[in-house]
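*Asks:* I am sharing model04.cif, which consists of mmCIF, C-alpha atoms:
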data_my_file
#
loop_
_atom_site.group_PDB
_atom_site.id
_atom_site.type_symbol
_atom_site.label_atom_id
_atom_site.label_comp_id
_atom_site.auth_asym_id
_atom_site.auth_seq_id
_atom_site.Cartn_x
_atom_site.Cartn_y
_atom_site.Cartn_z
ATOM 1 C CA MET W 239 -24.669 -26.224 -3.343
ATOM 2 C CA ASN W 240 -21.691 -25.098 -5.426
ATOM 3 C CA ASP W 241 -18.643 -24.938 -3.165
ATOM 4 C CA THR W 242 -16.378 -23.272 -5.720
ATOM 5 C CA PRO W 243 -15.986 -19.666 -4.597
ATOM 6 C CA VAL W 244 -16.775 -16.998 -7.158
ATOM 7 C CA VAL W 245 -13.739 -14.784 -7.624
ATOM 8 C CA VAL W 246 -14.891 -11.190 -7.617
ATOM 9 C CA ALA W 247 -11.571 -9.401 -8.036
ATOM 10 C CA ILE W 248 -7.827 -9.522 -8.431
ATOM 11 C CA VAL W 249 -5.727 -7.753 -5.788
ATOM 12 C CA ALA W 250 -2.253 -6.675 -6.940
ATOM 13 C CA GLY W 251 0.583 -4.822 -5.257
ATOM 14 C CA HIS W 252 4.161 -4.610 -4.106
ATOM 15 C CA GLY W 253 5.744 -7.240 -1.878
ATOM 16 C CA ARG W 254 3.164 -9.134 0.192
ATOM 17 C CA PHE W 255 0.515 -6.397 -0.009
ATOM 18 C CA ALA W 256 -2.024 -8.515 -1.848
ATOM 19 C CA ASP W 257 -1.518 -11.659 0.248
ATOM 20 C CA GLY W 258 -1.751 -9.506 3.360
ATOM 21 C CA LEU W 259 -5.020 -7.820 2.421
ATOM 22 C CA VAL W 260 -6.621 -11.042 1.222
ATOM 23 C CA SER W 261 -5.542 -12.894 4.382
ATOM 24 C CA ALA W 262 -7.076 -10.114 6.479
ATOM 25 C CA VAL W 263 -10.345 -10.319 4.534
ATOM 26 C CA ASP W 264 -10.298 -14.088 4.976
ATOM 27 C CA GLN W 265 -9.697 -13.845 8.709
ATOM 28 C CA ILE W 266 -12.558 -11.390 9.109
ATOM 29 C CA THR W 267 -15.098 -12.822 6.683
ATOM 30 C CA GLY W 268 -13.932 -16.331 5.790
ATOM 31 C CA ARG W 269 -14.302 -15.251 2.146
ATOM 32 C CA GLY W 270 -10.702 -14.599 1.145
ATOM 33 C CA ALA W 271 -11.033 -17.061 -1.727
ATOM 34 C CA ALA W 272 -13.157 -14.463 -3.518
ATOM 35 C CA PHE W 273 -9.931 -12.589 -4.285
ATOM 36 C CA ILE W 274 -6.848 -13.616 -6.244
ATOM 37 C CA PRO W 275 -3.684 -11.999 -4.815
ATOM 38 C CA VAL W 276 -0.891 -10.992 -7.209
ATOM 39 C CA SER W 277 2.564 -9.663 -6.255
ATOM 40 C CA ASN W 278 5.048 -7.847 -8.491
ATOM 41 C CA THR W 279 8.047 -9.231 -6.614
ATOM 42 C CA GLY W 280 10.776 -10.258 -9.073
ATOM 43 C CA LEU W 281 8.604 -9.518 -12.076
ATOM 44 C CA GLY W 282 9.098 -7.175 -14.987
ATOM 45 C CA PRO W 283 6.198 -5.246 -16.524
ATOM 46 C CA ALA W 284 5.360 -7.867 -19.162
ATOM 47 C CA ASP W 285 5.159 -10.636 -16.564
ATOM 48 C CA ILE W 286 2.819 -8.599 -14.356
ATOM 49 C CA ASP W 287 0.598 -7.887 -17.382
ATOM 50 C CA ALA W 288 0.501 -11.603 -18.198
ATOM 51 C CA LEU W 289 -0.320 -12.606 -14.604
ATOM 52 C CA LEU W 290 -3.198 -10.143 -14.388
ATOM 53 C CA THR W 291 -4.583 -11.172 -17.776
ATOM 54 C CA ALA W 292 -4.351 -14.850 -16.919
ATOM 55 C CA ALA W 293 -6.107 -14.299 -13.589
ATOM 56 C CA LEU W 294 -8.926 -12.338 -15.239
ATOM 57 C CA ASP W 295 -9.376 -14.970 -17.949
ATOM 58 C CA ARG W 296 -9.240 -17.866 -15.501
ATOM 59 C CA THR W 297 -11.727 -16.444 -13.026
ATOM 60 C CA GLY W 298 -14.025 -14.171 -15.024
ATOM 61 C CA ALA W 299 -13.348 -11.387 -12.515
ATOM 62 C CA ARG W 300 -13.706 -7.870 -13.875
ATOM 63 C CA VAL W 301 -12.068 -5.790 -11.146
ATOM 64 C CA ILE W 302 -8.428 -5.224 -10.238
ATOM 65 C CA PHE W 303 -7.549 -3.582 -6.925
ATOM 66 C CA THR W 304 -4.001 -2.184 -6.655
ATOM 67 C CA ASP W 305 -1.951 -0.641 -3.873
ATOM 68 C CA LEU W 306 -0.880 2.682 -5.329
ATOM 69 C CA PRO W 307 -2.158 5.059 -7.994
ATOM 70 C CA ALA W 308 1.008 4.718 -10.049
ATOM 71 C CA GLY W 309 3.033 1.677 -8.982
ATOM 72 C CA SER W 310 4.116 -1.004 -11.421
ATOM 73 C CA CYS W 311 1.011 -3.109 -10.677
ATOM 74 C CA THR W 312 -1.238 -0.172 -11.509
ATOM 75 C CA MET W 313 0.723 0.501 -14.691
ATOM 76 C CA ALA W 314 0.231 -3.126 -15.685
ATOM 77 C CA ALA W 315 -3.467 -2.996 -14.800
ATOM 78 C CA ARG W 316 -3.906 0.130 -16.939
ATOM 79 C CA ARG W 317 -2.251 -1.654 -19.869
ATOM 80 C CA VAL W 318 -4.535 -4.634 -19.395
ATOM 81 C CA GLN W 319 -7.505 -2.263 -19.203
ATOM 82 C CA ARG W 320 -6.473 -0.666 -22.451
ATOM 83 C CA ALA W 321 -6.065 -3.986 -24.204
ATOM 84 C CA ARG W 322 -9.540 -5.206 -23.182
ATOM 85 C CA SER W 323 -12.599 -3.136 -22.457
ATOM 86 C CA ASP W 324 -14.009 -5.153 -19.588
ATOM 87 C CA VAL W 325 -11.926 -4.225 -16.558
ATOM 88 C CA VAL W 326 -12.483 -1.805 -13.677
ATOM 89 C CA LEU W 327 -9.398 -0.612 -11.778
ATOM 90 C CA VAL W 328 -9.451 0.577 -8.172
ATOM 91 C CA THR W 329 -6.204 2.060 -6.857
ATOM 92 C CA GLY W 330 -5.142 2.706 -3.267
ATOM 93 C CA ALA W 331 -6.956 -0.393 -2.036
ATOM 94 C CA ASN W 332 -7.370 -1.169 1.632
ATOM 95 C CA VAL W 333 -9.046 -3.992 3.576
ATOM 96 C CA ALA W 334 -12.218 -1.952 3.925
ATOM 97 C CA VAL W 335 -12.774 -1.482 0.192
ATOM 98 C CA LEU W 336 -12.266 -5.190 -0.480
ATOM 99 C CA MET W 337 -14.890 -6.113 2.090
ATOM 100 C CA GLU W 338 -17.351 -3.421 0.953
ATOM 101 C CA PHE W 339 -16.943 -4.620 -2.629
ATOM 102 C CA LEU W 340 -17.284 -8.277 -1.686
ATOM 103 C CA PHE W 341 -20.520 -7.812 0.215
ATOM 104 C CA ALA W 342 -22.048 -5.663 -2.507
ATOM 105 C CA ALA W 343 -20.845 -7.856 -5.350
ATOM 106 C CA GLU W 344 -21.996 -11.213 -4.134
ATOM 107 C CA GLY W 345 -25.486 -10.716 -5.449
ATOM 108 C CA PRO W 346 -25.335 -9.151 -8.881
ATOM 109 C CA LEU W 347 -21.927 -10.445 -10.040
ATOM 110 C CA GLY W 348 -21.036 -13.570 -11.899
ATOM 111 C CA THR W 349 -22.393 -12.203 -15.145
ATOM 112 C CA PRO W 350 -20.395 -11.356 -18.272
ATOM 113 C CA LEU W 351 -19.463 -8.133 -20.072
ATOM 114 C CA ALA W 352 -22.966 -6.674 -20.020
ATOM 115 C CA GLY W 353 -22.610 -6.240 -16.287
ATOM 116 C CA LEU W 354 -19.534 -4.011 -16.455
ATOM 117 C CA SER W 355 -21.314 -0.746 -15.646
ATOM 118 C CA ALA W 356 -22.935 -2.403 -12.632
ATOM 119 C CA VAL W 357 -19.518 -3.650 -11.526
ATOM 120 C CA ALA W 358 -18.069 -0.154 -11.851
ATOM 121 C CA ALA W 359 -20.932 1.330 -9.845
ATOM 122 C CA ILE W 360 -20.433 -1.232 -7.083
ATOM 123 C CA ALA W 361 -16.707 -0.488 -7.030
ATOM 124 C CA GLU W 362 -17.372 3.253 -6.854
ATOM 125 C CA THR W 363 -19.731 2.856 -3.908
ATOM 126 C CA ALA W 364 -17.282 0.561 -2.105
ATOM 127 C CA ALA W 365 -14.482 3.094 -2.649
ATOM 128 C CA GLU W 366 -16.609 5.939 -1.275
ATOM 129 C CA LYS W 367 -17.353 3.974 1.882
ATOM 130 C CA ALA W 368 -13.770 2.792 2.303
ATOM 131 C CA ARG W 369 -12.348 6.323 2.028
ATOM 132 C CA LEU W 370 -14.085 7.169 5.276
ATOM 133 C CA THR W 371 -12.021 4.510 7.088
ATOM 134 C CA LEU W 372 -8.815 6.493 6.542
ATOM 135 C CA ALA W 373 -8.806 8.805 9.535
ATOM 136 C CA VAL W 374 -6.443 10.250 12.103
ATOM 137 C CA HIS W 375 -7.247 9.927 15.788
ATOM 138 C CA GLY W 376 -5.519 11.637 18.668
ATOM 139 C CA GLY W 377 -2.741 14.188 18.542
ATOM 140 C CA MET E 133 22.952 19.853 -9.786
ATOM 141 C CA SER E 134 22.073 18.058 -13.075
ATOM 142 C CA LEU E 135 21.907 14.303 -13.418
ATOM 143 C CA LEU E 136 22.472 12.687 -10.034
ATOM 144 C CA LEU E 137 21.543 9.132 -10.983
ATOM 145 C CA TYR E 138 21.789 7.074 -14.163
ATOM 146 C CA ARG E 139 19.440 4.202 -13.516
ATOM 147 C CA ILE E 140 18.539 0.949 -15.267
ATOM 148 C CA ASP E 141 15.040 -0.087 -14.131
ATOM 149 C CA ASP E 142 12.741 -2.170 -16.286
ATOM 150 C CA ARG E 143 9.711 -0.881 -14.389
ATOM 151 C CA LEU E 144 10.741 2.632 -15.479
ATOM 152 C CA ILE E 145 8.816 5.230 -13.482
ATOM 153 C CA HIS E 146 7.432 3.712 -10.289
ATOM 154 C CA GLY E 147 7.365 4.245 -6.552
ATOM 155 C CA GLN E 148 10.980 3.304 -5.867
ATOM 156 C CA VAL E 149 12.111 5.879 -8.395
ATOM 157 C CA VAL E 150 9.862 8.850 -7.657
ATOM 158 C CA VAL E 151 9.628 8.326 -3.895
ATOM 159 C CA GLY E 152 12.489 6.001 -2.908
ATOM 160 C CA TRP E 153 15.092 8.066 -4.771
ATOM 161 C CA GLY E 154 13.049 11.152 -5.544
ATOM 162 C CA GLN E 155 12.634 12.212 -1.928
ATOM 163 C CA PRO E 156 16.245 11.972 -0.660
ATOM 164 C CA LEU E 157 17.701 13.413 -3.860
ATOM 165 C CA SER E 158 14.991 16.075 -4.150
ATOM 166 C CA LEU E 159 14.607 15.153 -7.787
ATOM 167 C CA ARG E 160 12.949 17.744 -9.967
ATOM 168 C CA PHE E 161 13.061 15.955 -13.287
ATOM 169 C CA ILE E 162 13.344 12.552 -14.896
ATOM 170 C CA VAL E 163 14.546 12.004 -18.429
ATOM 171 C CA LEU E 164 13.226 8.638 -19.590
ATOM 172 C CA VAL E 165 15.188 7.314 -22.551
ATOM 173 C CA ASP E 166 13.295 4.552 -24.313
ATOM 174 C CA ASP E 167 12.597 4.251 -28.035
ATOM 175 C CA GLU E 168 9.267 2.512 -27.517
ATOM 176 C CA VAL E 169 7.899 4.883 -24.884
ATOM 177 C CA ALA E 170 9.141 7.940 -26.785
ATOM 178 C CA SER E 171 7.073 6.847 -29.789
ATOM 179 C CA SER E 172 3.840 6.240 -27.849
ATOM 180 C CA GLU E 173 1.690 9.090 -26.549
ATOM 181 C CA TRP E 174 -0.330 6.622 -24.479
ATOM 182 C CA GLU E 175 2.728 5.126 -22.775
ATOM 183 C CA GLN E 176 3.995 8.631 -22.010
ATOM 184 C CA GLU E 177 0.628 9.546 -20.488
ATOM 185 C CA LEU E 178 0.782 6.381 -18.373
ATOM 186 C CA TYR E 179 4.189 7.288 -16.982
ATOM 187 C CA ARG E 180 3.238 10.931 -16.443
ATOM 188 C CA MET E 181 0.563 9.674 -14.043
ATOM 189 C CA GLY E 182 3.325 8.229 -11.903
ATOM 190 C CA VAL E 183 5.207 11.504 -11.516
ATOM 191 C CA PRO E 184 4.221 13.805 -8.653
ATOM 192 C CA PRO E 185 3.553 17.539 -9.064
ATOM 193 C CA GLY E 186 6.786 19.481 -9.022
ATOM 194 C CA MET E 187 8.677 16.803 -10.944
ATOM 195 C CA ASP E 188 9.003 17.106 -14.727
ATOM 196 C CA VAL E 189 9.387 14.117 -17.004
ATOM 197 C CA TYR E 190 10.924 14.140 -20.475
ATOM 198 C CA PHE E 191 10.779 11.331 -23.021
ATOM 199 C CA HIS E 192 13.483 10.772 -25.633
ATOM 200 C CA THR E 193 14.741 8.099 -27.984
ATOM 201 C CA VAL E 194 18.389 7.060 -27.774
ATOM 202 C CA ALA E 195 19.056 8.852 -31.056
ATOM 203 C CA GLU E 196 17.542 12.108 -29.746
ATOM 204 C CA MET E 197 19.805 11.973 -26.709
ATOM 205 C CA ALA E 198 22.856 12.550 -28.891
ATOM 206 C CA ASP E 199 21.845 16.215 -28.979
ATOM 207 C CA ALA E 200 19.459 16.436 -26.017
ATOM 208 C CA TYR E 201 21.809 15.017 -23.379
ATOM 209 C CA ALA E 202 23.842 18.188 -22.888
ATOM 210 C CA SER E 203 20.885 20.276 -21.738
ATOM 211 C CA PHE E 204 19.959 17.682 -19.086
ATOM 212 C CA ALA E 205 23.561 17.258 -17.948
ATOM 213 C CA ASN E 206 23.793 21.015 -17.455
ATOM 214 C CA ASP E 207 20.357 21.513 -15.915
ATOM 215 C CA ALA E 208 20.484 23.417 -12.629
ATOM 216 C CA ARG E 209 17.860 21.108 -11.106
ATOM 217 C CA ALA E 210 18.470 17.647 -9.640
ATOM 218 C CA GLY E 211 17.572 15.018 -12.203
ATOM 219 C CA LEU E 212 17.523 11.327 -12.970
ATOM 220 C CA LEU E 213 18.310 9.639 -16.279
ATOM 221 C CA LEU E 214 16.235 6.479 -16.507
ATOM 222 C CA VAL E 215 16.338 3.591 -18.983
ATOM 223 C CA GLY E 216 14.580 0.254 -19.083
ATOM 224 C CA SER E 217 17.393 -1.980 -20.259
ATOM 225 C CA ILE E 218 21.109 -2.575 -19.966
ATOM 226 C CA GLU E 219 21.336 -2.359 -23.756
ATOM 227 C CA THR E 220 19.913 1.177 -23.769
ATOM 228 C CA MET E 221 22.292 2.317 -21.019
ATOM 229 C CA GLN E 222 25.219 0.819 -22.916
ATOM 230 C CA GLN E 223 24.235 2.838 -25.983
ATOM 231 C CA LEU E 224 24.052 6.035 -23.912
ATOM 232 C CA VAL E 225 27.399 5.371 -22.237
ATOM 233 C CA GLN E 226 28.982 4.912 -25.666
ATOM 234 C CA GLN E 227 27.254 8.069 -26.880
ATOM 235 C CA HIS E 228 28.330 10.104 -23.813
ATOM 236 C CA PRO E 229 31.643 9.025 -22.287
ATOM 237 C CA ASP E 230 31.191 11.531 -19.445
ATOM 238 C CA ILE E 231 28.635 9.142 -17.878
ATOM 239 C CA ARG E 232 30.789 7.674 -15.093
ATOM 240 C CA ARG E 233 28.290 5.956 -12.785
ATOM 241 C CA VAL E 234 25.466 3.581 -13.594
ATOM 242 C CA ASN E 235 22.916 2.228 -11.137
ATOM 243 C CA ILE E 236 21.265 -1.153 -11.679
ATOM 244 C CA GLY E 237 17.914 -0.557 -10.016
ATOM 245 C CA GLY E 238 15.862 -3.433 -11.351
ATOM 246 C CA VAL E 239 16.220 -5.970 -14.124
ATOM 247 C CA HIS E 240 13.639 -8.645 -13.512
ATOM 248 C CA HIS E 241 12.974 -12.194 -14.556
ATOM 249 C CA ALA E 242 12.863 -13.089 -18.235
ATOM 250 C CA GLU E 243 13.681 -16.153 -20.302
ATOM 251 C CA GLY E 244 17.399 -16.824 -20.284
ATOM 252 C CA ARG E 245 18.213 -14.677 -17.270
ATOM 253 C CA LEU E 246 19.957 -15.996 -14.185
ATOM 254 C CA GLN E 247 18.920 -14.491 -10.869
ATOM 255 C CA ARG E 248 21.766 -12.660 -9.181
ATOM 256 C CA LEU E 249 19.949 -10.546 -6.615
ATOM 257 C CA ARG E 250 16.344 -10.192 -5.521
ATOM 258 C CA TYR E 251 15.897 -7.493 -8.166
ATOM 259 C CA VAL E 252 18.595 -8.373 -10.690
ATOM 260 C CA PHE E 253 18.311 -11.150 -13.297
ATOM 261 C CA LEU E 254 20.870 -11.190 -16.129
ATOM 262 C CA THR E 255 21.588 -13.020 -19.376
ATOM 263 C CA HIS E 256 25.171 -13.779 -20.307
ATOM 264 C CA GLY E 257 25.020 -11.007 -22.903
ATOM 265 C CA GLU E 258 23.794 -8.471 -20.333
ATOM 266 C CA GLU E 259 26.607 -9.427 -17.959
ATOM 267 C CA THR E 260 29.093 -8.888 -20.761
ATOM 268 C CA ALA E 261 27.594 -5.467 -21.503
ATOM 269 C CA LEU E 262 27.896 -4.441 -17.843
ATOM 270 C CA ARG E 263 31.510 -5.620 -17.663
ATOM 271 C CA ASP E 264 32.186 -3.706 -20.860
ATOM 272 C CA MET E 265 30.894 -0.486 -19.300
ATOM 273 C CA GLN E 266 33.026 -1.107 -16.236
ATOM 274 C CA GLN E 267 36.109 -1.716 -18.362
ATOM 275 C CA HIS E 268 35.535 1.673 -19.954
ATOM 276 C CA GLY E 269 35.740 3.349 -16.562
ATOM 277 C CA VAL E 270 32.077 3.412 -15.560
ATOM 278 C CA GLU E 271 31.332 2.569 -11.927
ATOM 279 C CA VAL E 272 28.477 0.062 -12.056
ATOM 280 C CA THR E 273 26.616 -0.798 -8.855
ATOM 281 C CA ALA E 274 23.319 -2.428 -7.997
ATOM 282 C CA GLN E 275 21.093 -0.612 -5.530
ATOM 283 C CA ASP E 276 17.314 -0.745 -5.629
ATOM 284 C CA VAL E 277 16.666 1.913 -2.976
ATOM 285 C CA PRO E 278 19.055 4.382 -1.265
ATOM 286 C CA SER E 279 18.802 2.703 2.141
ATOM 287 C CA THR E 280 20.508 -0.460 0.856
ATOM 288 C CA ARG E 281 24.230 -0.846 0.256
ATOM 289 C CA PRO E 282 25.320 -0.201 -3.330
ATOM 290 C CA MET E 283 26.737 -3.507 -4.508
ATOM 291 C CA PRO E 284 29.729 -3.360 -6.844
ATOM 292 C CA LEU E 285 29.327 -5.129 -10.171
ATOM 293 C CA ASP E 286 31.939 -7.774 -9.378
ATOM 294 C CA GLU E 287 29.969 -8.753 -6.314
ATOM 295 C CA VAL E 288 26.697 -8.805 -8.263
ATOM 296 C CA LEU E 289 28.122 -11.085 -10.927
ATOM 297 C CA THR E 290 29.316 -13.635 -8.408
ATOM 298 C CA ALA E 291 26.068 -13.612 -6.443
ATOM 299 C CA HIS E 292 23.522 -16.310 -7.058
ATOM 300 C CA GLN E 293 20.062 -16.185 -5.574
ATOM 301 C CA ASP E 294 17.655 -19.082 -5.607
ATOM 302 C CA ALA E 295 14.144 -18.098 -6.752
#
Spell out the structure here as structure tokens.
*Replies:*
Amino acid sequence: MNDTPVVVAIVAGHGRFADGLVSAVDQITGRGAAFIPVSNTGLGPADIDALLTAALDRTGARVIFTDLPAGSCTMAARRVQRARSDVVLVTGANVAVLMEFLFAAEGPLGTPLAGLSAVAAIAETAAEKARLTLAVHGG
Amino acid sequence: MSLLLYRIDDRLIHGQVVVGWGQPLSLRFIVLVDDEVASSEWEQELYRMGVPPGMDVYFHTVAEMADAYASFANDARAGLLLVGSIETMQQLVQQHPDIRRVNIGGVHHAEGRLQRLRYVFLTHGEETALRDMQQHGVEVTAQDVPSTRPMPLDEVLTAHQDA
């Protein structure tokens, strides 16, 4: 059995956002190693771009989850997306979308560029499900 | 109202700017002065995505600001002048001596820079440029978000933060 975890996505955000989400996924599922966390702390735009690119190249992951629709991590991810045609970006990530994506991706992923549309479809479905977790109770 | 903040931030338009400063100052426009961004439709589109409805964003080169600055300085709305480097702000200060306050909002790690604060890394040349602005009567302070204390330049340049 191959013990090396398959990395399915990069998670990037401000401060300890990415570490926090990945640690939560790990605590719940034991599968936190499927995500690479990236923080923008102390980094300029070029350094964030380089970190994301290096993580994608090193792991073969095709998806980047970011915290906000227009933070510096998302800007960097959009630049990376523009420079290469094999990346799916999901903004506004929460714990739920990471877990939905992980469970759906475990089967079909681990394949190269030809699988990009399947990756995007899986990400879209995960996002749809995760949106429902944002709700207000009481009041 | 006009330009309430003259900010150096190498991340340009991002959350700290549009929300962190945008909300308390009720900013209605940002003028982003950057030769590279001003020459790229794609980069401008990228930064427009980061600006909320109700806030306008204008892109200009340093050279264009020689003539364009006056209209922003006299705009009735609350605005922010934003640049990505100390060098660009120095050029604008030289171009427009009525700029009296400069905010260092974020200059991050790069080769040759020494870390001064959590969000400020400077080369010797950049420190000289900041001191030069100060010597010409510009108040230079570092402040990433409004809730933190604005730190005077002299204090910034004697700070040393381990990575």
*Asks:* What lies within 7 Å of E:Arg139 using all atoms listed in the file, ignoring chain neighbours under 2 positions off, as a ChimeraX atom specification?
*Replies:* /E:137,141,213-215,234-237
*Asks:* Please save C-alpha atoms of the selected residues as a CSV table (one decimal), keeping the file's coordinate frame.
*Replies:*
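Printed below is part_11.csv as written:
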chain,number,residue,atom,x,y,z
E,137,LEU,CA,21.5,9.1,-11.0
E,141,ASP,CA,15.0,-0.1,-14.1
E,213,LEU,CA,18.3,9.6,-16.3
E,214,LEU,CA,16.2,6.5,-16.5
E,215,VAL,CA,16.3,3.6,-19.0
E,234,VAL,CA,25.5,3.6,-13.6
E,235,ASN,CA,22.9,2.2,-11.1
E,236,ILE,CA,21.3,-1.2,-11.7
E,237,GLY,CA,17.9,-0.6,-10.0
*Asks:* Do you have the atom CA of W:Leu281-atom CA of E:His240 distance handy?
*Replies:* 5.3 Å
*Asks:* Let me make sure I understand: among W:Ala342, W:His375, W:Arg369, W:Ser310, which one has the smallest atom-to-atom distance to E:Ile145 if we use only C-alpha atoms?
*Replies:*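 Going through W:Ala342, W:His375, W:Arg369, W:Ser310 one by one, the smallest distance to E:Ile145 is for W:Ser310.
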*Asks:* Check the smallest atom-to-atom distance from each of W:Gly298, W:Gly309, W:Pro243, W:Gly258 to E:Gln148 using all atoms listed in the file, then report the winner.
*Replies:*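 Closest to E:Gln148 of all the choices is W:Gly309.
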*Asks:* Give the residues of chain E that lie within 7 Å of chain W; count all atoms listed in the file, and format the answer as a ChimeraX atom specification.
*Replies:* /E:142-143,146-147,178,181-182,240-241,250-251
*Asks:* Taking all atoms listed in the file into account, name the residue in E:Thr193, E:Gln176, E:Thr280, E:Gln155 that is nearest to E:Leu224.
*Replies:*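 Ranked by minimum distance to E:Leu224, first place goes to E:Thr193.
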*Asks:* Excluding W:Asp295 and residues on its chain fewer than 3 positions from it, collect all residues at most 12 Å away from it, counting all atoms listed in the file, and give them as a list in words.
*Replies:* Val245, Ala247, Ile248, Ala288, Leu289, Leu290, Thr291, Ala292, Gly298, Ala299, Arg300, Val301, Val318, Arg322, Asp324, Val325 and Pro350 of chain W
*Asks:* Using only C-alpha atoms, pick whichever of W:Gly353, W:Gly270, W:Gly377, W:Pro275 has the shortest atom-to-atom distance to W:Leu340.
*Replies:* W:Gly270
*Asks:* What gap, in Å, lies between atom CA of E:Val270 and atom CA of E:Ser203?
*Replies:*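 These two atoms are separated by 21.2 Å.
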*Asks:* I'd like the interatomic distance between atom CA of E:Phe204 and atom CA of E:Val163, to a tenth of an Å.
*Replies:*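 So the answer is 7.9 Å.
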*Asks:* Please provide as a ChimeraX atom specification all residues within 8 Å of W:Val328, with the sequence filter that same-chain residues fewer than 4 positions apart are discarded (counting only C-alpha atoms).
*Replies:* /W:301-304,361,365
